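For reference, run20.cif is printed below; it contains mmCIF, C-alpha atoms.
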data_entry
loop_
_atom_site.label_atom_id
_atom_site.label_comp_id
_atom_site.auth_asym_id
_atom_site.auth_seq_id
_atom_site.Cartn_x
_atom_site.Cartn_y
_atom_site.Cartn_z
CA MET A 21 49.37 61.72 39.31
CA ARG A 22 46.80 64.17 38.08
CA VAL A 23 43.47 65.06 39.69
CA GLU A 24 40.36 65.41 37.53
CA LEU A 25 37.24 67.09 38.89
CA ASP A 26 33.96 66.87 36.99
CA GLU A 27 32.46 70.18 38.16
CA PRO A 28 28.99 69.56 36.64
CA LYS A 29 28.70 66.44 38.84
CA CYS A 30 29.73 68.28 42.02
CA VAL A 31 26.98 68.58 44.66
CA ALA A 32 28.88 71.15 46.77
CA SER A 33 29.18 68.96 49.87
CA GLY A 34 32.69 70.23 50.62
CA GLN A 35 34.04 66.82 51.60
CA CYS A 36 36.99 67.15 49.21
CA VAL A 37 37.95 70.52 50.67
CA MET A 38 37.92 69.10 54.17
CA ALA A 39 39.98 66.06 53.11
CA ALA A 40 42.53 67.90 50.93
CA PRO A 41 42.38 71.67 51.47
CA ASP A 42 45.65 72.24 49.61
CA VAL A 43 44.19 70.66 46.47
CA PHE A 44 40.50 71.67 46.47
CA ASP A 45 38.46 74.77 47.27
CA GLN A 46 34.85 75.82 46.75
CA ARG A 47 33.38 78.76 44.86
CA GLU A 48 31.72 81.35 47.08
CA GLU A 49 28.61 81.76 44.93
CA ASP A 50 27.45 78.14 44.71
CA GLY A 51 29.83 75.94 46.70
CA ILE A 52 30.96 73.96 43.66
CA ALA A 53 34.47 72.58 44.13
CA PHE A 54 37.43 73.54 41.98
CA LEU A 55 41.05 72.45 41.81
CA LEU A 56 43.87 74.43 43.34
CA GLU A 57 46.43 71.81 42.27
CA GLU A 58 45.84 69.63 39.22
CA GLU A 59 49.11 67.80 39.90
CA PRO A 60 49.43 67.71 43.69
CA PRO A 61 52.73 66.88 45.40
CA ALA A 62 53.31 63.29 46.50
CA ASP A 63 52.73 64.14 50.15
CA SER A 64 49.13 65.20 49.32
CA LEU A 65 48.15 62.03 47.45
CA ASP A 66 46.74 60.20 50.50
CA ASP A 67 44.46 63.17 51.17
CA VAL A 68 43.38 63.25 47.53
CA ARG A 69 42.65 59.52 47.60
CA GLU A 70 40.45 60.12 50.64
CA ALA A 71 38.64 62.93 48.79
CA VAL A 72 38.03 60.59 45.86
CA ALA A 73 36.65 57.91 48.19
CA ILE A 74 34.29 60.19 50.12
CA CYS A 75 32.97 62.38 47.30
CA PRO A 76 29.19 61.75 47.35
CA ALA A 77 28.88 62.59 43.64
CA ALA A 78 31.91 60.55 42.48
CA ALA A 79 33.09 63.71 40.73
CA ILE A 80 36.82 63.27 41.46
CA ARG A 81 39.34 60.97 39.79
CA LEU A 82 43.04 60.42 40.32
CA VAL A 83 44.73 59.58 37.01
CA ASP A 84 48.20 58.21 36.27
CA GLN A 85 50.09 60.35 33.81
#

Structure encoded using structure tokens:
Amino acid sequence: MRVELDEPKCVASGQCVMAAPDVFDQREEDGIAFLLEEEPPADSLDDVREAVAICPAAAIRLVDQ
């Protein structure tokens, strides 16, 4: 599975970072999220699915490869 983050859509709420801190982080200057792991390990996928579900901007997708 691969994570896609549409940074222009991000509203800097930080929900993804709280749900999956090993996969997402936020830029210091504006709070916009960025990916730490584009292809997270299997044990992180439940956290990533939660991040997808709670993102207020719907800026995150989990894609089959």

* To do: Could you state which residues are captured by the PyMOL selection byres ((chain A and resi 54-63) around 9) in this file, as a ChimeraX atom specification?
  => /A:21-25,27,41-47,52-53,64-68

Write out, as a PDB file, in the frame of the given file, the residues just selected, with C-alpha atoms.
ATOM      1  CA  MET A  21      49.370  61.720  39.310  1.00  0.00           C
ATOM      2  CA  ARG A  22      46.800  64.170  38.080  1.00  0.00           C
ATOM      3  CA  VAL A  23      43.470  65.060  39.690  1.00  0.00           C
ATOM      4  CA  GLU A  24      40.360  65.410  37.530  1.00  0.00           C
ATOM      5  CA  LEU A  25      37.240  67.090  38.890  1.00  0.00           C
ATOM      6  CA  GLU A  27      32.460  70.180  38.160  1.00  0.00           C
ATOM      7  CA  PRO A  41      42.380  71.670  51.470  1.00  0.00           C
ATOM      8  CA  ASP A  42      45.650  72.240  49.610  1.00  0.00           C
ATOM      9  CA  VAL A  43      44.190  70.660  46.470  1.00  0.00           C
ATOM     10  CA  PHE A  44      40.500  71.670  46.470  1.00  0.00           C
ATOM     11  CA  ASP A  45      38.460  74.770  47.270  1.00  0.00           C
ATOM     12  CA  GLN A  46      34.850  75.820  46.750  1.00  0.00           C
ATOM     13  CA  ARG A  47      33.380  78.760  44.860  1.00  0.00           C
ATOM     14  CA  ILE A  52      30.960  73.960  43.660  1.00  0.00           C
ATOM     15  CA  ALA A  53      34.470  72.580  44.130  1.00  0.00           C
ATOM     16  CA  SER A  64      49.130  65.200  49.320  1.00  0.00           C
ATOM     17  CA  LEU A  65      48.150  62.030  47.450  1.00  0.00           C
ATOM     18  CA  ASP A  66      46.740  60.200  50.500  1.00  0.00           C
ATOM     19  CA  ASP A  67      44.460  63.170  51.170  1.00  0.00           C
ATOM     20  CA  VAL A  68      43.380  63.250  47.530  1.00  0.00           C
TER      21      VAL A  68
END

* Between A:Met38, A:Asp26, A:Glu49, A:Ala32, which one has atoms that come closest to A:Pro76, using only C-alpha atoms? -> A:Ala32

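Using only C-alpha atoms, the contacts of A:Ala78 at a cut-off of 9 Å, with sequence neighbours closer than 5 positions omitted, comprise Asp26, Lys29, Cys30, Val72 and Ala73 of chain A.
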
* Structure fact -> Pairwise distance, atom CA of A:Arg69 with atom CA of A:Glu48, equals 24.4 Å

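Taking all atoms listed in the file into account, A:Ala39 lies nearest to A:Glu70 out of the set A:Ala77, A:Glu70, A:Leu82, A:Gly51.
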